[in-house]
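Dumped query.cif below, it's mmCIF, C-alpha atoms:
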```cif
data_coords
loop_
_atom_site.label_atom_id
_atom_site.label_comp_id
_atom_site.auth_asym_id
_atom_site.auth_seq_id
_atom_site.Cartn_x
_atom_site.Cartn_y
_atom_site.Cartn_z
CA MET A 465 -3.13 37.31 36.27
CA SER A 466 -3.50 33.60 36.08
CA LYS A 467 -5.35 32.45 33.01
CA SER A 468 -5.91 28.97 34.37
CA THR A 469 -8.25 30.19 37.11
CA GLN A 470 -10.69 31.59 34.59
CA THR A 471 -13.52 29.28 33.67
CA PRO A 472 -13.54 28.92 29.90
CA ASP A 473 -16.82 30.19 28.64
CA THR A 474 -17.75 27.70 25.98
CA GLU A 475 -21.08 29.23 25.10
CA ASP A 476 -19.49 32.61 24.68
CA HIS A 477 -17.12 31.30 22.00
CA THR A 478 -19.89 29.41 20.30
CA ALA A 479 -21.98 32.60 20.22
CA ARG A 480 -18.99 34.51 18.80
CA LEU A 481 -18.50 31.94 16.06
CA VAL A 482 -22.18 32.17 15.14
CA ALA A 483 -21.87 35.98 14.95
CA VAL A 484 -18.86 35.66 12.64
CA GLY A 485 -20.84 33.27 10.46
CA ARG A 486 -23.97 35.41 10.31
CA ASN A 487 -22.61 38.94 10.17
CA ALA A 488 -18.87 38.66 9.54
CA ASP A 489 -18.59 40.22 13.03
CA LEU A 490 -14.97 41.38 13.30
CA GLU A 491 -15.08 42.05 17.04
CA ALA A 492 -16.39 38.54 17.72
CA PHE A 493 -13.68 37.14 15.46
CA GLU A 494 -10.95 39.03 17.33
CA GLY A 495 -12.31 37.49 20.55
CA LEU A 496 -11.99 34.03 19.02
CA PHE A 497 -8.52 34.81 17.74
CA ARG A 498 -7.29 36.10 21.13
CA HIS A 499 -8.62 32.98 22.84
CA PHE A 500 -7.86 30.21 20.35
CA GLY A 501 -4.91 31.65 18.37
CA PRO A 502 -2.24 31.08 21.03
CA LYS A 503 -3.65 27.63 21.83
CA ILE A 504 -3.64 26.61 18.18
CA ARG A 505 -0.08 27.88 17.79
CA ALA A 506 0.88 25.72 20.80
CA TYR A 507 -1.02 22.77 19.28
CA MET A 508 0.98 23.16 16.05
CA MET A 509 4.22 23.34 18.07
CA LYS A 510 3.47 19.94 19.60
CA ARG A 511 3.97 18.35 16.19
CA SER A 512 7.11 20.27 15.29
CA ALA A 513 9.14 22.89 17.11
CA ASP A 514 9.24 25.13 14.02
CA ARG A 515 7.83 28.45 15.32
CA HIS A 516 7.37 30.00 11.90
CA LEU A 517 5.46 27.02 10.59
CA ALA A 518 3.32 26.95 13.75
CA GLU A 519 2.45 30.63 13.30
CA GLU A 520 1.69 30.09 9.62
CA LEU A 521 -0.57 27.10 10.32
CA MET A 522 -2.35 28.97 13.10
CA GLN A 523 -3.02 31.91 10.77
CA GLU A 524 -4.23 29.54 8.08
CA THR A 525 -6.56 27.85 10.59
CA MET A 526 -8.02 31.19 11.70
CA MET A 527 -8.45 32.31 8.08
CA THR A 528 -10.47 29.16 7.44
CA VAL A 529 -12.52 29.84 10.58
CA TRP A 530 -13.30 33.32 9.20
CA ASN A 531 -14.13 32.05 5.73
CA LYS A 532 -16.23 29.06 6.73
CA ALA A 533 -17.90 30.29 9.92
CA ASP A 534 -21.27 30.29 8.14
CA GLN A 535 -20.99 26.50 7.85
CA PHE A 536 -20.70 26.11 11.64
CA ASP A 537 -23.87 24.67 13.16
CA PRO A 538 -24.11 25.24 16.94
CA ALA A 539 -26.67 22.41 17.19
CA ARG A 540 -23.93 19.96 16.23
CA GLY A 541 -21.28 20.90 18.75
CA ALA A 542 -19.17 23.57 20.41
CA ALA A 543 -16.88 26.11 18.74
CA SER A 544 -13.81 24.43 20.25
CA SER A 545 -14.66 21.14 18.57
CA TRP A 546 -15.23 22.73 15.14
CA ILE A 547 -12.05 24.82 15.39
CA PHE A 548 -10.07 21.72 16.41
CA THR A 549 -11.12 19.90 13.22
CA ILE A 550 -9.93 22.85 11.10
CA ALA A 551 -6.59 23.03 12.94
CA ARG A 552 -6.13 19.26 12.64
CA ASN A 553 -6.81 19.30 8.91
CA ALA A 554 -4.41 22.21 8.39
CA ARG A 555 -1.73 20.29 10.26
CA VAL A 556 -2.34 17.04 8.38
CA ASP A 557 -2.28 18.90 5.04
CA ALA A 558 1.04 20.50 5.96
CA TYR A 559 2.71 17.16 6.66
CA ARG A 560 0.99 14.73 4.32
CA LYS A 561 0.75 15.15 0.58
CA SER A 562 -2.47 13.14 0.35
CA GLY A 563 -4.23 15.09 3.09
CA ARG A 564 -6.93 13.32 5.05
CA PRO A 565 -9.59 11.44 3.06
CA ALA A 566 -12.98 12.47 4.46
CA PHE A 567 -16.68 11.87 3.85
CA ASP A 568 -18.68 14.63 2.21
CA PRO A 569 -22.13 15.42 3.64
CA SER A 570 -23.20 17.01 0.33
CA ASP A 571 -22.42 13.79 -1.60
CA PRO A 572 -25.67 12.27 -2.98
CA ALA A 573 -24.47 8.80 -1.87
CA PHE A 574 -23.96 10.00 1.74
CA VAL A 575 -26.40 8.46 4.26
CA PRO A 576 -27.74 11.38 6.31
CA ASP A 577 -28.47 11.37 10.05
CA GLY A 578 -32.02 10.59 11.11
CA ILE A 579 -34.16 13.53 12.15
CA MET A 580 -33.02 14.55 15.60
CA ALA A 581 -35.67 14.48 18.30
CA ALA A 582 -36.29 17.77 20.12
CA ASP A 583 -34.93 16.41 23.40
CA THR A 584 -31.71 15.36 21.64
CA MET A 585 -31.35 18.90 20.37
CA MET A 586 -31.68 20.24 23.91
CA GLU A 587 -29.05 17.85 25.12
CA MET A 588 -26.60 19.29 22.61
CA ASP A 589 -26.50 22.45 24.70
CA GLN A 590 -25.48 20.57 27.79
CA GLU A 591 -23.16 18.19 26.02
CA ALA A 592 -20.03 20.34 26.18
CA GLY A 593 -20.49 20.86 29.91
CA ARG A 594 -21.07 17.20 30.61
CA LEU A 595 -18.14 16.18 28.48
CA ARG A 596 -15.88 18.69 30.22
CA GLU A 597 -16.88 17.24 33.58
CA ALA A 598 -16.34 13.67 32.39
CA MET A 599 -12.91 14.52 30.97
CA GLY A 600 -12.00 15.95 34.37
CA SER A 601 -12.85 12.67 36.05
CA LEU A 602 -10.90 10.37 33.72
CA PRO A 603 -7.91 8.66 35.34
CA PRO A 604 -4.61 10.41 34.45
CA GLU A 605 -3.33 7.46 32.39
CA GLN A 606 -6.37 7.69 30.10
CA VAL A 607 -6.05 11.46 29.72
CA GLU A 608 -2.37 10.95 28.86
CA LEU A 609 -3.35 8.66 25.97
CA LEU A 610 -5.85 11.17 24.64
CA LYS A 611 -3.29 13.97 24.83
CA LEU A 612 -0.63 11.91 23.04
CA SER A 613 -3.20 11.08 20.34
CA PHE A 614 -4.63 14.53 19.76
CA TYR A 615 -1.64 16.76 20.50
CA GLU A 616 1.06 14.70 18.87
CA GLU A 617 -0.89 12.58 16.39
CA ALA A 618 0.60 9.46 17.94
CA SER A 619 -0.73 6.12 16.63
CA HIS A 620 -1.33 3.27 19.13
CA SER A 621 1.93 1.63 18.23
CA MET A 622 3.81 4.90 18.83
CA ILE A 623 2.01 5.36 22.15
CA ALA A 624 2.79 1.76 23.17
CA GLU A 625 6.44 2.36 22.39
CA ARG A 626 6.60 5.72 24.14
CA LEU A 627 4.95 4.51 27.33
CA ASN A 628 6.50 1.05 27.17
CA LEU A 629 3.10 -0.63 27.33
CA PRO A 630 1.72 -3.63 25.43
CA ILE A 631 -0.41 -2.48 22.51
CA GLY A 632 -3.40 -4.38 23.96
CA THR A 633 -3.21 -2.21 27.10
CA VAL A 634 -3.16 0.97 25.01
CA LYS A 635 -6.23 -0.17 23.08
CA SER A 636 -8.17 -1.18 26.17
CA ARG A 637 -7.39 2.16 27.89
CA ILE A 638 -8.68 3.99 24.83
CA ARG A 639 -11.88 1.94 24.87
CA LEU A 640 -12.33 2.53 28.62
CA ALA A 641 -11.85 6.27 28.23
CA PHE A 642 -14.42 6.62 25.46
CA SER A 643 -16.89 4.30 27.12
CA LYS A 644 -16.76 6.58 30.19
CA LEU A 645 -17.21 9.70 28.08
CA ARG A 646 -20.19 8.16 26.31
CA ASP A 647 -21.69 7.11 29.64
CA ALA A 648 -21.43 10.70 30.82
CA LEU A 649 -23.26 11.80 27.69
CA GLY A 650 -26.00 9.33 28.54
CA GLU A 651 -25.34 6.94 25.70
CA ARG A 652 -24.97 3.22 25.68
CA SER A 653 -21.42 2.17 25.00
CA MET B 11 -29.17 -0.98 5.00
CA THR B 12 -28.65 -1.82 8.65
CA ILE B 13 -25.07 -1.69 9.82
CA HIS B 14 -24.04 -4.18 12.50
CA HIS B 15 -20.24 -3.96 12.47
CA HIS B 16 -18.69 -0.60 13.30
CA ILE B 17 -15.30 1.07 13.64
CA SER B 18 -13.48 0.37 16.94
CA ASP B 19 -12.72 3.26 19.30
CA GLU B 20 -8.99 2.80 18.91
CA LEU B 21 -9.07 2.98 15.11
CA MET B 22 -11.51 5.88 15.14
CA LEU B 23 -9.23 7.77 17.54
CA GLU B 24 -6.39 7.53 15.00
CA TYR B 25 -8.71 8.94 12.34
CA ALA B 26 -9.97 11.70 14.66
CA SER B 27 -6.47 12.76 15.69
CA GLY B 28 -5.19 12.88 12.10
CA SER B 29 -2.57 10.15 12.53
CA LEU B 30 -4.26 7.52 10.34
CA GLU B 31 -2.57 7.28 6.94
CA GLU B 32 -4.36 7.72 3.62
CA GLY B 33 -5.01 4.05 2.78
CA TRP B 34 -6.76 3.16 6.08
CA SER B 35 -8.56 6.49 6.11
CA ILE B 36 -10.29 5.72 2.82
CA ALA B 37 -11.99 2.69 4.40
CA VAL B 38 -12.78 4.49 7.67
CA ALA B 39 -14.21 7.61 6.00
CA THR B 40 -16.24 5.63 3.45
CA HIS B 41 -17.82 3.57 6.24
CA MET B 42 -18.65 6.82 8.06
CA ALA B 43 -20.39 8.18 4.97
CA LEU B 44 -22.79 5.23 5.36
CA CYS B 45 -23.01 5.19 9.17
CA PRO B 46 -24.57 8.04 11.20
CA GLU B 47 -23.77 6.18 14.43
CA CYS B 48 -20.02 6.18 13.78
CA ARG B 49 -20.16 9.86 12.74
CA ARG B 50 -21.80 10.63 16.07
CA ARG B 51 -18.97 8.86 17.90
CA LEU B 52 -16.44 10.72 15.77
CA SER B 53 -17.97 14.07 16.66
CA GLN B 54 -17.82 13.16 20.37
CA MET B 55 -14.11 12.41 19.96
CA GLU B 56 -13.62 15.72 18.19
CA ALA B 57 -15.46 17.46 21.02
CA ALA B 58 -13.05 15.83 23.49
CA ALA B 59 -10.14 16.98 21.31
CA GLY B 60 -11.56 20.52 21.25
CA LEU B 61 -11.59 20.58 25.04
CA LEU B 62 -8.00 19.31 25.17
CA VAL B 63 -6.87 22.02 22.75
CA GLU B 64 -8.69 24.60 24.85
CA ALA B 65 -6.90 23.21 27.90
CA ILE B 66 -3.48 23.98 26.41
CA GLU B 67 -1.80 26.60 28.56
CA ALA B 68 -0.53 29.06 25.99
CA ALA B 69 1.91 31.79 26.93
CA PRO B 70 0.17 34.87 28.36
CA ALA B 71 -0.98 37.51 25.88
CA SER B 72 2.08 39.03 24.29
CA ALA B 73 3.30 41.49 21.69
CA GLN B 74 3.50 38.51 19.34
CA ASP B 75 -0.24 38.03 19.59
CA ASN B 76 -0.84 41.66 18.69
CA ALA B 77 1.49 41.42 15.69
CA SER B 78 -0.13 38.16 14.71
CA TRP B 79 -3.62 39.65 14.91
CA ALA B 80 -2.55 42.72 12.91
CA ALA B 81 -1.12 40.45 10.19
CA LEU B 82 -4.26 38.35 9.99
CA ARG B 83 -6.53 41.41 10.16
CA GLN B 84 -4.84 42.64 6.97
CA ARG B 85 -5.60 39.43 5.13
CA LEU B 86 -9.27 39.22 6.03
CA GLY B 87 -11.42 39.93 3.07
CA LYS B 88 -15.08 39.32 2.71
CA PRO B 89 -15.66 35.78 3.90
CA SER B 90 -15.12 34.01 0.63
CA SER B 91 -17.31 30.95 0.91
CA ARG B 92 -20.54 32.82 1.54
CA GLY B 93 -23.23 32.63 -1.06
CA ASN B 94 -21.11 30.62 -3.45
CA VAL B 95 -21.19 27.06 -2.24
CA GLU B 96 -19.12 24.87 -4.54
CA PRO B 97 -21.21 23.39 -7.32
CA ARG B 98 -21.69 19.66 -6.91
CA PRO B 99 -22.71 17.06 -9.44
CA ALA B 100 -26.39 16.55 -8.62
CA VAL B 101 -26.45 13.09 -10.17
CA LEU B 102 -24.28 10.08 -9.52
CA PRO B 103 -22.64 8.08 -12.29
CA GLU B 104 -24.80 5.30 -13.80
CA GLY B 105 -24.79 2.02 -11.92
CA ARG B 106 -24.15 0.89 -8.36
CA ASN B 107 -22.43 3.67 -6.49
CA VAL B 108 -20.19 4.06 -3.49
CA PRO B 109 -19.91 7.26 -1.43
CA GLU B 110 -17.00 9.66 -1.14
CA PRO B 111 -14.12 9.53 -0.51
CA LEU B 112 -13.95 6.13 -2.25
CA ARG B 113 -15.89 7.24 -5.34
CA SER B 114 -13.24 9.76 -6.38
CA TYR B 115 -10.52 7.14 -5.97
CA LEU B 116 -12.53 4.75 -8.17
CA GLY B 117 -13.45 7.38 -10.70
CA GLY B 118 -16.89 5.87 -11.38
CA SER B 119 -19.44 3.34 -10.21
CA LEU B 120 -18.92 -0.30 -9.26
CA ASP B 121 -20.22 -1.25 -12.71
CA THR B 122 -17.36 0.41 -14.58
CA VAL B 123 -14.56 -1.13 -12.52
CA LYS B 124 -11.91 -2.92 -14.59
CA TRP B 125 -11.54 -6.23 -12.76
CA ARG B 126 -8.45 -8.40 -12.84
CA ALA B 127 -8.77 -12.14 -12.27
CA LEU B 128 -7.28 -13.40 -9.02
CA GLY B 129 -7.94 -17.08 -9.70
CA LEU B 130 -10.54 -19.30 -8.05
CA GLY B 131 -13.27 -17.14 -9.53
CA ALA B 132 -12.29 -14.07 -7.53
CA TYR B 133 -11.32 -10.68 -8.97
CA HIS B 134 -9.61 -7.58 -7.70
CA HIS B 135 -9.07 -3.98 -8.66
CA PRO B 136 -6.08 -2.13 -7.18
CA ILE B 137 -6.71 1.48 -6.17
CA ARG B 138 -3.89 3.98 -6.51
CA THR B 139 -3.07 6.14 -3.52
CA SER B 140 0.01 8.12 -2.52
CA ASP B 141 0.35 5.99 0.63
CA ALA B 142 3.08 3.41 0.03
CA ALA B 143 2.50 1.71 3.39
CA THR B 144 -0.87 0.24 2.47
CA THR B 145 -2.44 -1.76 -0.34
CA VAL B 146 -5.94 -0.56 -1.22
CA ARG B 147 -8.15 -2.56 -3.57
CA LEU B 148 -11.61 -3.83 -4.32
CA LEU B 149 -12.20 -7.57 -4.06
CA ARG B 150 -15.01 -9.38 -5.84
CA ILE B 151 -15.86 -12.82 -4.52
CA PRO B 152 -18.37 -15.01 -6.40
CA ALA B 153 -21.63 -15.70 -4.54
CA GLY B 154 -21.32 -18.67 -2.20
CA LYS B 155 -17.57 -19.02 -2.71
CA PRO B 156 -14.76 -18.63 -0.18
CA VAL B 157 -11.95 -16.11 -0.34
CA PRO B 158 -8.75 -18.17 -0.28
CA GLU B 159 -7.86 -18.71 3.38
CA HIS B 160 -5.37 -16.12 4.47
CA GLY B 161 -3.57 -14.90 7.53
CA HIS B 162 -2.28 -11.34 7.77
CA ARG B 163 1.07 -9.92 8.54
CA GLY B 164 -0.63 -6.83 9.86
CA ARG B 165 -3.90 -4.95 9.97
CA GLU B 166 -6.64 -5.53 7.42
CA LEU B 167 -9.74 -3.35 7.07
CA THR B 168 -12.68 -4.60 5.03
CA LEU B 169 -15.77 -2.61 4.06
CA VAL B 170 -18.63 -4.42 2.30
CA LEU B 171 -19.97 -2.47 -0.71
CA CYS B 172 -22.21 -5.10 -2.32
CA GLY B 173 -23.58 -8.49 -1.27
CA ALA B 174 -22.36 -10.03 1.99
CA PHE B 175 -19.81 -12.43 3.44
CA ARG B 176 -19.63 -14.53 6.55
CA ASP B 177 -16.60 -15.51 8.62
CA GLU B 178 -15.66 -16.46 12.19
CA ASN B 179 -16.74 -12.97 13.33
CA GLY B 180 -20.25 -13.11 11.90
CA LEU B 181 -22.22 -11.92 8.90
CA PHE B 182 -21.04 -8.77 7.12
CA GLY B 183 -23.48 -6.96 4.82
CA VAL B 184 -23.39 -3.67 2.93
CA GLY B 185 -21.77 -0.95 5.03
CA ASP B 186 -20.34 -3.37 7.60
CA PHE B 187 -16.74 -2.86 8.61
CA GLU B 188 -14.27 -5.51 9.75
CA GLU B 189 -10.89 -4.97 11.40
CA THR B 190 -8.53 -7.90 11.71
CA ASP B 191 -4.89 -8.09 12.71
CA ALA B 192 -1.93 -10.43 12.63
CA GLU B 193 -3.44 -12.86 15.15
CA VAL B 194 -6.56 -13.56 13.13
CA GLU B 195 -6.91 -16.26 10.55
CA HIS B 196 -10.37 -16.01 9.12
CA GLN B 197 -12.17 -17.68 6.29
CA PRO B 198 -14.60 -15.30 4.66
CA ILE B 199 -17.24 -16.90 2.44
CA ALA B 200 -19.48 -14.83 0.18
CA GLU B 201 -23.16 -15.35 0.92
CA PRO B 202 -25.25 -17.01 -1.78
CA GLY B 203 -27.28 -14.76 -4.06
CA GLU B 204 -24.95 -12.10 -5.41
CA ASP B 205 -21.22 -11.53 -5.71
CA CYS B 206 -19.67 -9.80 -2.73
CA ILE B 207 -17.68 -6.65 -3.44
CA CYS B 208 -15.50 -5.29 -0.65
CA LEU B 209 -12.96 -2.56 -0.17
CA ALA B 210 -9.90 -4.19 1.40
CA VAL B 211 -6.97 -2.29 2.89
CA THR B 212 -3.88 -4.13 4.11
CA ASP B 213 -0.44 -3.03 5.21
CA ALA B 214 1.40 -5.97 3.75
CA PRO B 215 0.80 -8.37 0.92
CA LEU B 216 -1.64 -11.07 1.97
CA LYS B 217 0.01 -14.40 2.54
CA PHE B 218 -2.39 -16.84 1.05
CA ARG B 219 -2.06 -20.25 2.56
CA SER B 220 -3.30 -22.23 -0.40
CA ARG B 221 -0.20 -23.54 -2.12
CA ILE B 222 -1.39 -22.84 -5.64
CA VAL B 223 -2.31 -19.27 -4.86
CA ARG B 224 0.99 -18.79 -3.04
CA ILE B 225 2.87 -19.94 -6.09
CA ILE B 226 1.06 -17.58 -8.42
CA GLN B 227 0.88 -14.71 -5.91
CA PRO B 228 4.01 -12.97 -7.22
CA LEU B 229 2.57 -13.10 -10.74
CA LEU B 230 -0.69 -11.51 -9.63
CA GLY B 231 1.05 -8.80 -7.69
CA ILE B 232 -1.09 -9.20 -4.59
#
```

Once you've parsed the file, please lay out its structure as structure tokens.
Amino acid sequence: MSKSTQTPDTEDHTARLVAVGRNADLEAFEGLFRHFGPKIRAYMMKRSADRHLAEELMQETMMTVWNKADQFDPARGAASSWIFTIARNARVDAYRKSGRPAFDPSDPAFVPDGIMAADTMMEMDQEAGRLREAMGSLPPEQVELLKLSFYEEASHSMIAERLNLPIGTVKSRIRLAFSKLRDALGERS
Amino acid sequence: MTIHHHISDELMLEYASGSLEEGWSIAVATHMALCPECRRRLSQMEAAAGLLVEAIEAAPASAQDNASWAALRQRLGKPSSRGNVEPRPAVLPEGRNVPEPLRSYLGGSLDTVKWRALGLGAYHHPIRTSDAATTVRLLRIPAGKPVPEHGHRGRELTLVLCGAFRDENGLFGVGDFEETDAEVEHQPIAEPGEDCICLAVTDAPLKFRSRIVRIIQPLLGI
């Protein structure tokens, strides 16, 4: 059986995550674990080849998913995006004493988003699909930069060194990639 | 507050991927607390990252996955966060405030900062972090006065917290974010009216070009 021929069912995972958040649905959580667990383990391995650490960080990520699923808001994005941020934070915490300074939406000095218009809310549903399509149409050299950034936490200077490119080229490819993704999402860039 | 100067894609990507060190991240995350537009761009980047993680070809389902699931299954209790959201201070400290994450680093409002004179009427307040690669501090520039002209040996991030300044790149008011690098020599001047307070993050000591400041620089520890 080839896994790669299956179309990933984004909505399905998002629905599962909502069920975990609402009802502590164990079956839905196992579905998420079977789908994302091996991918998160592989993501952890891209930073360090230590299998035990990768397994530990994957388990920690999935524990956090279980514990915080009620904070997931499907109107703000897909399950894969939310789970990525948890995996990323677990990885950063494992390697950096200071962790990753972040804003806090419950902080009284935080400036909240404006009220979202109803049509914007509807677009959220389609956003994952549109983004997936746009990612598929990015030139390979732009996808390579995104993979080096997200998989390996490479900074621009590390990427420039690895690919033997001037740093200005790395920056302009990053800007091109995100301007295309934003165009696909129907936003000015 | 209307924000006109935002975080570049390339800097935001480093923050989104987790590679940006603590010092820079304080400036980036504090700007985002003030800027819904940049948060929207961040969440789009995180959505792209989510798709890339989903695209990872993991090994086919194996005995390891079953063992791994059994181990995790054992540890699952009642979801712990439910119904007991962490208590938060409902009120901010007295005075002019900044958002998190900067507020925790400062330990109070802008009105309780212990300023140290920099000369030429300017003041600074170093902020302790565990990131040795960056210098993080607040700068306070008197209204209408210039910051001593300086070039940079590396990147500098500036976030305006109070008042405004103007330089070759335009006018920067509260919430505005400026990124400069080694090639830029700029001459920021605080706007008239009120003192300008900024968060400034650099990766090397500033090399002030004014001779007097350069002579006293080692004494000031900047």

Once you count all atoms listed in the file, what closest atom pair and distance in Å to one decimal does each residue of chain B within 6 Å of chain A have, with rows by chain and rising residue number, as a tab-separated table?
```
residue	atom	partner	partner_atom	distance
B:Asp19	CA	A:Arg639	CA	5.8
B:Glu20	CA	A:Lys635	CA	5.8
B:Ser27	CA	A:Phe614	CA	4.8
B:Ser29	CA	A:Glu617	CA	4.9
B:Ser35	CA	A:Pro565	CA	5.9
B:Ile36	CA	A:Pro565	CA	5.8
B:Ala39	CA	A:Ala566	CA	5.2
B:Ala43	CA	A:Phe574	CA	5.1
B:Leu44	CA	A:Val575	CA	5.0
B:Pro46	CA	A:Asp577	CA	5.3
B:Glu56	CA	A:Ser545	CA	5.5
B:Ala57	CA	A:Ser545	CA	4.5
B:Gly60	CA	A:Ser545	CA	4.1
B:Ile66	CA	A:Lys503	CA	5.9
B:Ala68	CA	A:Lys503	CA	5.4
B:Pro89	CA	A:Asn531	CA	4.4
B:Ser90	CA	A:Asn531	CA	5.6
B:Ser91	CA	A:Asn531	CA	5.9
B:Pro109	CA	A:Ala573	CA	4.8
B:Glu110	CA	A:Phe567	CA	5.5
B:Pro111	CA	A:Phe567	CA	5.6
```

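Take atom CA of A:Ala554 and atom CA of B:His16: the distance between them is 27.4 Å.
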
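The space separating atom CA of B:Gly118 from atom CA of B:Leu171 comes to 13.9 Å.
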
Distance query B:Ile199 at most 6 Å, only C-alpha atoms, self and fewer than 3 positions along chain excluded, as a PDB file with C-alpha atoms, in the frame of the given file:
```
ATOM      1  CA  LYS B 155     -17.570 -19.020  -2.710  1.00  0.00           C
ATOM      2  CA  PRO B 156     -14.760 -18.630  -0.180  1.00  0.00           C
ATOM      3  CA  PHE B 175     -19.810 -12.430   3.440  1.00  0.00           C
ATOM      4  CA  ARG B 176     -19.630 -14.530   6.550  1.00  0.00           C
TER       5      ARG B 176
END
```

For atom CA of B:Thr122 and atom CA of B:Ala210, the interatomic separation in Å (one decimal): 18.2 Å

From B:Gly117, B:Val146, B:Ala26, B:Gly180, residue lying nearest B:Ala58 [all atoms listed in the file]: B:Ala26

Hits of the PyMOL selection byres ((chain B and resi 182) around 12) in this structure, as a PyMOL selection string: chain B and resi 11-16+168-181+183-189+198-201+206-208
